[in-house]
Amino acid sequence: MSTPQPRLVLDTNLLVPGVVGATAIPPGPSASATLIRVWAAGYCTFVVSEALLEEYEDVMRRPPFHIAARAARAFRAVIAKRSVVVTVRASRPLLTQDPDADMVLKTAIAGKAQLPVTNTEDDVREIATLPGG
């Protein structure tokens, strides 16, 4: 019997630099690039929502990344195809003070993810104070 893969939701501040680092030649040594390679190898499952996919694509096209629109759409398509895409219902009140962090957390809840992954210290601190955190 195989162990189920961990289900993760990556915040944009990790996914986009990770994609850039993981696809660089030579590949980048960052933790986020390593996480992308672990996902690509099938050792974990990413959970995403349409809102997160839109944000990923948008951020890829902005500074400092400047990924061409066509390439950003292609990355988005690969991420969507190889991830669990969930529908997040808009709800009030927000779970956190930051709407972007809220989107990550609500995606994690909708997708029954084990872990929302971010490197934003304020998000981690605030999520830890939620009931059950």
# chains A, B, ... in the order shown; residues from 1 in each chain; ligands from 1

$ residues_around --residues "segment 114-118 of chain A" --least-positions-apart "3" --cutoff "7 Å" --atoms "only C-alpha atoms" --output "ChimeraX atom specification"
/A:6-11,13-14,104-105,108

$ select_by_dssp --residues "chain A" --states "strand (DSSP E or B)" --output "list in words"
Arg7, Leu8, Val9, Leu10, Thr45, Phe46, Val47, Val48, Ser49, Val84, Val85, Val86, Leu115, Pro116 and Val117 of chain A

$ write_last_selection --atoms "C-alpha atoms" --output "mmCIF file, in the first residue's frame"
data_model
loop_
_atom_site.group_PDB
_atom_site.id
_atom_site.type_symbol
_atom_site.label_atom_id
_atom_site.label_comp_id
_atom_site.auth_asym_id
_atom_site.auth_seq_id
_atom_site.Cartn_x
_atom_site.Cartn_y
_atom_site.Cartn_z
ATOM 1 C CA ARG A 7 -1.136 18.029 -0.612
ATOM 2 C CA LEU A 8 0.379 21.518 -0.542
ATOM 3 C CA VAL A 9 -0.773 25.001 -1.517
ATOM 4 C CA LEU A 10 2.115 27.243 -2.507
ATOM 5 C CA THR A 45 0.587 17.217 -5.003
ATOM 6 C CA PHE A 46 -0.109 20.911 -5.393
ATOM 7 C CA VAL A 47 -3.610 22.220 -4.759
ATOM 8 C CA VAL A 48 -4.546 25.376 -6.645
ATOM 9 C CA SER A 49 -7.597 27.512 -7.356
ATOM 10 C CA VAL A 84 -5.634 19.482 -8.019
ATOM 11 C CA VAL A 85 -7.734 22.498 -9.053
ATOM 12 C CA VAL A 86 -10.428 23.403 -6.530
ATOM 13 C CA LEU A 115 -0.165 22.545 4.423
ATOM 14 C CA PRO A 116 -0.318 26.074 3.003
ATOM 15 C CA VAL A 117 3.305 26.968 2.238
#

$ select_by_dssp --residues "chain A" --states "helix (DSSP H, G or I)" --output "VMD selection string"
chain A and resid 12 to 23 31 to 40 50 to 61 69 to 81 99 to 110 121 to 128

$ atom_distance --atom1 "atom CA of Ile67 of chain A" --atom2 "atom CA of Lys106 of chain A"
27.3 Å

$ residues_around --residues "Ala77 of chain A" --least-positions-apart "2" --cutoff "12 Å" --atoms "only C-alpha atoms" --output "PDB file with all heavy atoms, in the first residue's frame"
ATOM      1  N   VAL A  48      -4.440  24.006  -6.162  1.00  0.00           N
ATOM      2  CA  VAL A  48      -4.546  25.376  -6.645  1.00  0.00           C
ATOM      3  C   VAL A  48      -6.009  25.729  -6.871  1.00  0.00           C
ATOM      4  O   VAL A  48      -6.862  24.843  -6.960  1.00  0.00           O
ATOM      5  CB  VAL A  48      -3.760  25.591  -7.959  1.00  0.00           C
ATOM      6  CG1 VAL A  48      -2.273  25.358  -7.760  1.00  0.00           C
ATOM      7  CG2 VAL A  48      -4.296  24.710  -9.078  1.00  0.00           C
ATOM      8  N   GLU A  50      -8.472  28.711  -9.269  1.00  0.00           N
ATOM      9  CA  GLU A  50      -8.360  29.596 -10.428  1.00  0.00           C
ATOM     10  C   GLU A  50      -7.756  30.939 -10.024  1.00  0.00           C
ATOM     11  O   GLU A  50      -6.939  31.495 -10.745  1.00  0.00           O
ATOM     12  CB  GLU A  50      -9.716  29.787 -11.113  1.00  0.00           C
ATOM     13  CG  GLU A  50     -10.122  28.628 -11.979  1.00  0.00           C
ATOM     14  CD  GLU A  50      -9.134  28.311 -13.098  1.00  0.00           C
ATOM     15  OE1 GLU A  50      -8.572  29.244 -13.716  1.00  0.00           O
ATOM     16  OE2 GLU A  50      -8.919  27.117 -13.362  1.00  0.00           O
ATOM     17  N   LEU A  53      -4.043  30.485  -9.713  1.00  0.00           N
ATOM     18  CA  LEU A  53      -3.441  30.326 -11.038  1.00  0.00           C
ATOM     19  C   LEU A  53      -3.321  31.681 -11.743  1.00  0.00           C
ATOM     20  O   LEU A  53      -2.298  31.979 -12.361  1.00  0.00           O
ATOM     21  CB  LEU A  53      -4.256  29.357 -11.893  1.00  0.00           C
ATOM     22  CG  LEU A  53      -4.158  27.887 -11.495  1.00  0.00           C
ATOM     23  CD1 LEU A  53      -5.222  27.066 -12.227  1.00  0.00           C
ATOM     24  CD2 LEU A  53      -2.764  27.331 -11.765  1.00  0.00           C
ATOM     25  N   GLU A  54      -4.367  32.497 -11.622  1.00  0.00           N
ATOM     26  CA  GLU A  54      -4.319  33.837 -12.215  1.00  0.00           C
ATOM     27  C   GLU A  54      -3.206  34.671 -11.598  1.00  0.00           C
ATOM     28  O   GLU A  54      -2.473  35.368 -12.304  1.00  0.00           O
ATOM     29  CB  GLU A  54      -5.657  34.547 -12.026  1.00  0.00           C
ATOM     30  CG  GLU A  54      -6.757  34.036 -12.903  1.00  0.00           C
ATOM     31  CD  GLU A  54      -8.095  34.684 -12.595  1.00  0.00           C
ATOM     32  OE1 GLU A  54      -8.128  35.815 -12.068  1.00  0.00           O
ATOM     33  OE2 GLU A  54      -9.121  34.044 -12.894  1.00  0.00           O
ATOM     34  N   TYR A  56      -0.466  33.542 -10.055  1.00  0.00           N
ATOM     35  CA  TYR A  56       0.825  33.001 -10.477  1.00  0.00           C
ATOM     36  C   TYR A  56       1.219  33.573 -11.842  1.00  0.00           C
ATOM     37  O   TYR A  56       2.338  34.050 -12.033  1.00  0.00           O
ATOM     38  CB  TYR A  56       0.773  31.472 -10.602  1.00  0.00           C
ATOM     39  CG  TYR A  56       0.566  30.668  -9.342  1.00  0.00           C
ATOM     40  CD1 TYR A  56       0.118  29.357  -9.429  1.00  0.00           C
ATOM     41  CD2 TYR A  56       0.815  31.180  -8.066  1.00  0.00           C
ATOM     42  CE1 TYR A  56      -0.065  28.574  -8.299  1.00  0.00           C
ATOM     43  CE2 TYR A  56       0.626  30.408  -6.936  1.00  0.00           C
ATOM     44  CZ  TYR A  56       0.184  29.103  -7.054  1.00  0.00           C
ATOM     45  OH  TYR A  56       0.011  28.330  -5.941  1.00  0.00           O
ATOM     46  N   GLU A  57       0.283  33.497 -12.792  1.00  0.00           N
ATOM     47  CA  GLU A  57       0.575  33.974 -14.153  1.00  0.00           C
ATOM     48  C   GLU A  57       0.877  35.472 -14.158  1.00  0.00           C
ATOM     49  O   GLU A  57       1.836  35.913 -14.800  1.00  0.00           O
ATOM     50  CB  GLU A  57      -0.600  33.674 -15.079  1.00  0.00           C
ATOM     51  CG  GLU A  57      -0.347  34.099 -16.507  1.00  0.00           C
ATOM     52  CD  GLU A  57      -1.515  33.810 -17.441  1.00  0.00           C
ATOM     53  OE1 GLU A  57      -2.456  33.077 -17.063  1.00  0.00           O
ATOM     54  OE2 GLU A  57      -1.473  34.330 -18.568  1.00  0.00           O
ATOM     55  N   ARG A  70       3.262  34.425 -23.246  1.00  0.00           N
ATOM     56  CA  ARG A  70       3.047  33.064 -23.741  1.00  0.00           C
ATOM     57  C   ARG A  70       3.676  32.028 -22.817  1.00  0.00           C
ATOM     58  O   ARG A  70       3.071  30.993 -22.508  1.00  0.00           O
ATOM     59  CB  ARG A  70       3.624  32.949 -25.144  1.00  0.00           C
ATOM     60  CG  ARG A  70       3.164  31.714 -25.863  1.00  0.00           C
ATOM     61  CD  ARG A  70       3.401  31.858 -27.334  1.00  0.00           C
ATOM     62  NE  ARG A  70       4.437  30.900 -27.705  1.00  0.00           N
ATOM     63  CZ  ARG A  70       4.993  30.837 -28.875  1.00  0.00           C
ATOM     64  NH1 ARG A  70       4.679  31.705 -29.798  1.00  0.00           N
ATOM     65  NH2 ARG A  70       5.892  29.925 -29.137  1.00  0.00           N
ATOM     66  N   ALA A  71       4.872  32.296 -22.347  1.00  0.00           N
ATOM     67  CA  ALA A  71       5.547  31.374 -21.430  1.00  0.00           C
ATOM     68  C   ALA A  71       4.822  31.311 -20.092  1.00  0.00           C
ATOM     69  O   ALA A  71       4.678  30.231 -19.501  1.00  0.00           O
ATOM     70  CB  ALA A  71       6.999  31.784 -21.235  1.00  0.00           C
ATOM     71  N   ALA A  72       4.347  32.455 -19.597  1.00  0.00           N
ATOM     72  CA  ALA A  72       3.603  32.477 -18.328  1.00  0.00           C
ATOM     73  C   ALA A  72       2.320  31.663 -18.448  1.00  0.00           C
ATOM     74  O   ALA A  72       1.962  30.917 -17.525  1.00  0.00           O
ATOM     75  CB  ALA A  72       3.307  33.914 -17.917  1.00  0.00           C
ATOM     76  N   ARG A  73       1.628  31.790 -19.582  1.00  0.00           N
ATOM     77  CA  ARG A  73       0.414  30.984 -19.801  1.00  0.00           C
ATOM     78  C   ARG A  73       0.758  29.495 -19.858  1.00  0.00           C
ATOM     79  O   ARG A  73       0.020  28.659 -19.342  1.00  0.00           O
ATOM     80  CB  ARG A  73      -0.296  31.402 -21.088  1.00  0.00           C
ATOM     81  CG  ARG A  73      -1.153  32.636 -20.945  1.00  0.00           C
ATOM     82  CD  ARG A  73      -2.051  32.856 -22.150  1.00  0.00           C
ATOM     83  NE  ARG A  73      -1.319  32.972 -23.406  1.00  0.00           N
ATOM     84  CZ  ARG A  73      -0.765  34.098 -23.862  1.00  0.00           C
ATOM     85  NH1 ARG A  73      -0.868  35.210 -23.157  1.00  0.00           N
ATOM     86  NH2 ARG A  73      -0.126  34.103 -25.012  1.00  0.00           N
ATOM     87  N   ALA A  74       1.889  29.171 -20.485  1.00  0.00           N
ATOM     88  CA  ALA A  74       2.308  27.771 -20.573  1.00  0.00           C
ATOM     89  C   ALA A  74       2.629  27.205 -19.190  1.00  0.00           C
ATOM     90  O   ALA A  74       2.228  26.076 -18.864  1.00  0.00           O
ATOM     91  CB  ALA A  74       3.516  27.637 -21.498  1.00  0.00           C
ATOM     92  N   PHE A  75       3.345  27.982 -18.359  1.00  0.00           N
ATOM     93  CA  PHE A  75       3.620  27.540 -16.983  1.00  0.00           C
ATOM     94  C   PHE A  75       2.317  27.326 -16.227  1.00  0.00           C
ATOM     95  O   PHE A  75       2.147  26.336 -15.525  1.00  0.00           O
ATOM     96  CB  PHE A  75       4.480  28.557 -16.230  1.00  0.00           C
ATOM     97  CG  PHE A  75       5.948  28.458 -16.520  1.00  0.00           C
ATOM     98  CD1 PHE A  75       6.645  29.574 -16.934  1.00  0.00           C
ATOM     99  CD2 PHE A  75       6.642  27.274 -16.356  1.00  0.00           C
ATOM    100  CE1 PHE A  75       8.011  29.510 -17.193  1.00  0.00           C
ATOM    101  CE2 PHE A  75       8.002  27.187 -16.603  1.00  0.00           C
ATOM    102  CZ  PHE A  75       8.684  28.315 -17.033  1.00  0.00           C
ATOM    103  N   ILE A  79       1.031  23.857 -14.504  1.00  0.00           N
ATOM    104  CA  ILE A  79       0.691  23.801 -13.074  1.00  0.00           C
ATOM    105  C   ILE A  79      -0.737  23.300 -12.896  1.00  0.00           C
ATOM    106  O   ILE A  79      -0.995  22.425 -12.071  1.00  0.00           O
ATOM    107  CB  ILE A  79       0.901  25.178 -12.408  1.00  0.00           C
ATOM    108  CG1 ILE A  79       2.390  25.533 -12.409  1.00  0.00           C
ATOM    109  CG2 ILE A  79       0.329  25.191 -10.986  1.00  0.00           C
ATOM    110  CD1 ILE A  79       2.678  27.001 -12.148  1.00  0.00           C
ATOM    111  N   ALA A  80      -1.677  23.828 -13.676  1.00  0.00           N
ATOM    112  CA  ALA A  80      -3.079  23.412 -13.564  1.00  0.00           C
ATOM    113  C   ALA A  80      -3.255  21.939 -13.917  1.00  0.00           C
ATOM    114  O   ALA A  80      -3.971  21.210 -13.225  1.00  0.00           O
ATOM    115  CB  ALA A  80      -3.951  24.282 -14.460  1.00  0.00           C
ATOM    116  N   LYS A  81      -2.583  21.493 -14.968  1.00  0.00           N
ATOM    117  CA  LYS A  81      -2.726  20.106 -15.424  1.00  0.00           C
ATOM    118  C   LYS A  81      -2.183  19.110 -14.404  1.00  0.00           C
ATOM    119  O   LYS A  81      -2.739  18.028 -14.226  1.00  0.00           O
ATOM    120  CB  LYS A  81      -2.007  19.924 -16.751  1.00  0.00           C
ATOM    121  CG  LYS A  81      -2.170  18.553 -17.345  1.00  0.00           C
ATOM    122  CD  LYS A  81      -1.514  18.448 -18.694  1.00  0.00           C
ATOM    123  CE  LYS A  81      -1.727  17.047 -19.239  1.00  0.00           C
ATOM    124  NZ  LYS A  81      -1.206  16.901 -20.585  1.00  0.00           N
ATOM    125  N   ARG A  82      -1.118  19.491 -13.708  1.00  0.00           N
ATOM    126  CA  ARG A  82      -0.455  18.557 -12.793  1.00  0.00           C
ATOM    127  C   ARG A  82      -0.821  18.787 -11.332  1.00  0.00           C
ATOM    128  O   ARG A  82      -0.177  18.262 -10.440  1.00  0.00           O
ATOM    129  CB  ARG A  82       1.062  18.673 -12.966  1.00  0.00           C
ATOM    130  CG  ARG A  82       1.438  18.361 -14.417  1.00  0.00           C
ATOM    131  CD  ARG A  82       2.711  17.647 -14.638  1.00  0.00           C
ATOM    132  NE  ARG A  82       3.061  16.665 -13.662  1.00  0.00           N
ATOM    133  CZ  ARG A  82       4.283  16.530 -13.174  1.00  0.00           C
ATOM    134  NH1 ARG A  82       5.243  17.338 -13.563  1.00  0.00           N
ATOM    135  NH2 ARG A  82       4.550  15.598 -12.303  1.00  0.00           N
ATOM    136  N   SER A  83      -1.867  19.583 -11.089  1.00  0.00           N
ATOM    137  CA  SER A  83      -2.289  19.897  -9.725  1.00  0.00           C
ATOM    138  C   SER A  83      -3.767  19.567  -9.550  1.00  0.00           C
ATOM    139  O   SER A  83      -4.483  19.324 -10.520  1.00  0.00           O
ATOM    140  CB  SER A  83      -2.077  21.390  -9.436  1.00  0.00           C
ATOM    141  OG  SER A  83      -0.722  21.753  -9.579  1.00  0.00           O
ATOM    142  N   VAL A  85      -7.131  21.170  -8.942  1.00  0.00           N
ATOM    143  CA  VAL A  85      -7.734  22.498  -9.053  1.00  0.00           C
ATOM    144  C   VAL A  85      -9.067  22.466  -8.318  1.00  0.00           C
ATOM    145  O   VAL A  85      -9.932  21.637  -8.614  1.00  0.00           O
ATOM    146  CB  VAL A  85      -7.936  22.923 -10.525  1.00  0.00           C
ATOM    147  CG1 VAL A  85      -8.535  24.327 -10.598  1.00  0.00           C
ATOM    148  CG2 VAL A  85      -6.617  22.858 -11.289  1.00  0.00           C
TER     149      VAL A  85
END

$ closest_residue --among "A:Gly18, A:Pro26, A:Pro99, A:Pro64" --to "Val38 of chain A" --atoms "only C-alpha atoms"
A:Gly18

$ atom_distance --atom1 "atom CA of Ile109 of chain A" --atom2 "atom CA of Val59 of chain A"
23.2 Å

$ closest_residue --among "A:Ser91, A:Ala40, A:Met60, A:Ala110" --to "Val20 of chain A" --atoms "only C-alpha atoms"
A:Met60
